[in-house]
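Have a look at input.txt; it's compact mmCIF, C-alpha atoms:
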```
# COMPACT_ATOMS: atom_id res chain seq x y z
CA MET A 117 120.70 100.84 123.26
CA LYS A 118 117.16 100.90 124.66
CA LEU A 119 117.03 104.66 124.21
CA LYS A 120 117.99 104.42 120.53
CA LYS A 121 115.33 101.76 119.98
CA ALA A 122 112.71 103.88 121.73
CA VAL A 123 113.61 106.96 119.69
CA ALA A 124 113.50 104.96 116.45
CA ILE A 125 110.09 103.49 117.29
CA LEU A 126 108.66 106.87 118.29
CA SER A 127 110.02 108.46 115.10
CA LEU A 128 108.47 105.74 112.97
CA LEU A 129 105.13 106.07 114.74
CA PHE A 130 105.21 109.84 114.27
CA LEU A 131 105.95 109.51 110.54
CA CYS A 132 103.17 106.96 110.10
CA ASN A 133 100.74 109.17 111.99
CA VAL A 134 101.64 112.32 110.02
CA SER A 135 101.49 110.61 106.63
CA SER A 136 98.18 108.92 107.37
CA MET A 137 96.63 112.24 108.38
CA THR A 138 97.75 114.03 105.21
CA ALA A 139 96.96 111.15 102.85
CA PHE A 140 93.26 112.01 102.94
CA ALA A 141 93.52 115.46 101.34
CA GLN A 142 95.17 114.86 97.96
CA GLY A 143 97.07 111.65 98.52
CA ALA A 144 100.36 113.45 99.16
CA VAL A 145 100.40 116.96 100.55
CA GLN A 146 103.11 117.08 103.18
CA THR A 147 106.12 119.00 101.91
CA GLU A 148 109.61 119.78 103.08
CA ALA A 149 111.59 122.74 101.73
CA VAL A 150 114.92 122.07 100.06
CA GLU A 151 117.43 124.91 99.90
CA SER A 152 119.17 125.71 96.64
CA SER A 153 122.96 125.88 96.56
CA GLY A 154 122.83 128.93 94.24
CA THR A 155 121.92 132.49 95.09
CA ALA A 156 118.36 132.31 93.75
CA ARG A 157 115.74 130.66 95.98
CA THR A 158 113.70 127.94 94.41
CA ASN A 159 110.33 126.66 95.48
CA VAL A 160 111.26 122.97 95.50
CA GLY A 161 110.31 120.49 98.17
CA TYR A 162 109.53 116.88 98.94
CA VAL A 163 105.99 115.55 98.65
CA TYR A 164 105.26 112.50 100.79
CA LYS A 165 102.77 109.70 100.38
CA ASN A 166 101.88 106.58 102.35
CA GLU A 167 101.27 103.53 100.18
CA ASN A 168 100.74 100.06 101.61
CA GLY A 169 102.22 101.15 104.94
CA LYS A 170 105.43 102.46 103.34
CA ILE A 171 106.39 106.15 103.13
CA TYR A 172 107.60 107.49 99.79
CA ARG A 173 108.89 110.93 98.80
CA ARG A 174 109.34 112.78 95.52
CA LEU A 175 110.82 116.17 94.66
CA TYR A 176 108.37 118.71 93.26
CA ASP A 177 108.94 122.19 91.82
CA PHE A 178 106.01 124.22 93.16
CA ALA A 179 106.86 127.30 91.09
CA ASN A 180 106.71 125.44 87.75
CA GLN A 181 104.33 122.71 88.97
CA LYS A 182 106.57 119.88 87.73
CA TRP A 183 107.89 116.69 89.25
CA LEU A 184 111.69 116.60 89.48
CA GLY A 185 112.26 112.90 90.06
CA ASN A 186 110.67 109.57 90.80
CA TRP A 187 109.04 108.29 93.97
CA GLU A 188 111.65 106.88 96.37
CA LEU A 189 111.22 104.90 99.54
CA CYS A 190 112.08 106.99 102.61
CA PRO A 191 115.09 105.73 104.55
```
The structure given in the file should be rewritten as structure tokens.
Amino acid sequence: MKLKKAVAILSLLFLCNVSSMTAFAQGAVQTEAVESSGTARTNVGYVYKNENGKIYRRLYDFANQKWLGNWELCP
């Protein structure tokens, strides 16, 4: 139980640290690739932002430079 708590706290601290470092460039620049289920590869990924101490993510199509959804609170 203590190990799970420690891992959860370290993960949260890491996410807060990463998002606060990237928030200075353009507000939200950290991305995560999402694989397509079809045969063609798409250039779609998550963009993250830190707002009021909470981490949000939103899908973005980098090839067409369009947002694919709304901002959602990270679980």
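In this model, the gap between atom CA of A:Leu175 and atom CA of A:Gly161 comes to 5.6 Å.
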Gap from atom CA of A:Glu188 to atom CA of A:Tyr176 - Å, one decimal
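Separation between atom CA of A:Glu188 and atom CA of A:Tyr176: 12.7 Å.
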Between atom CA of A:Asn159 and atom CA of A:Leu189 - distance in Å to one decimal
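These two atoms are separated by 22.2 Å.
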Let me know the centre plus edge lengths, in Å and rounded to one decimal, of a box with edges along x, y and z that contains all listed atoms of stretch 162-172 of chain A and is padded by 8 Å on every side, as JSON.
```
{"center_x": 105.1, "center_y": 108.5, "center_z": 101.8, "size_x": 24.8, "size_y": 32.8, "size_z": 22.3}
```
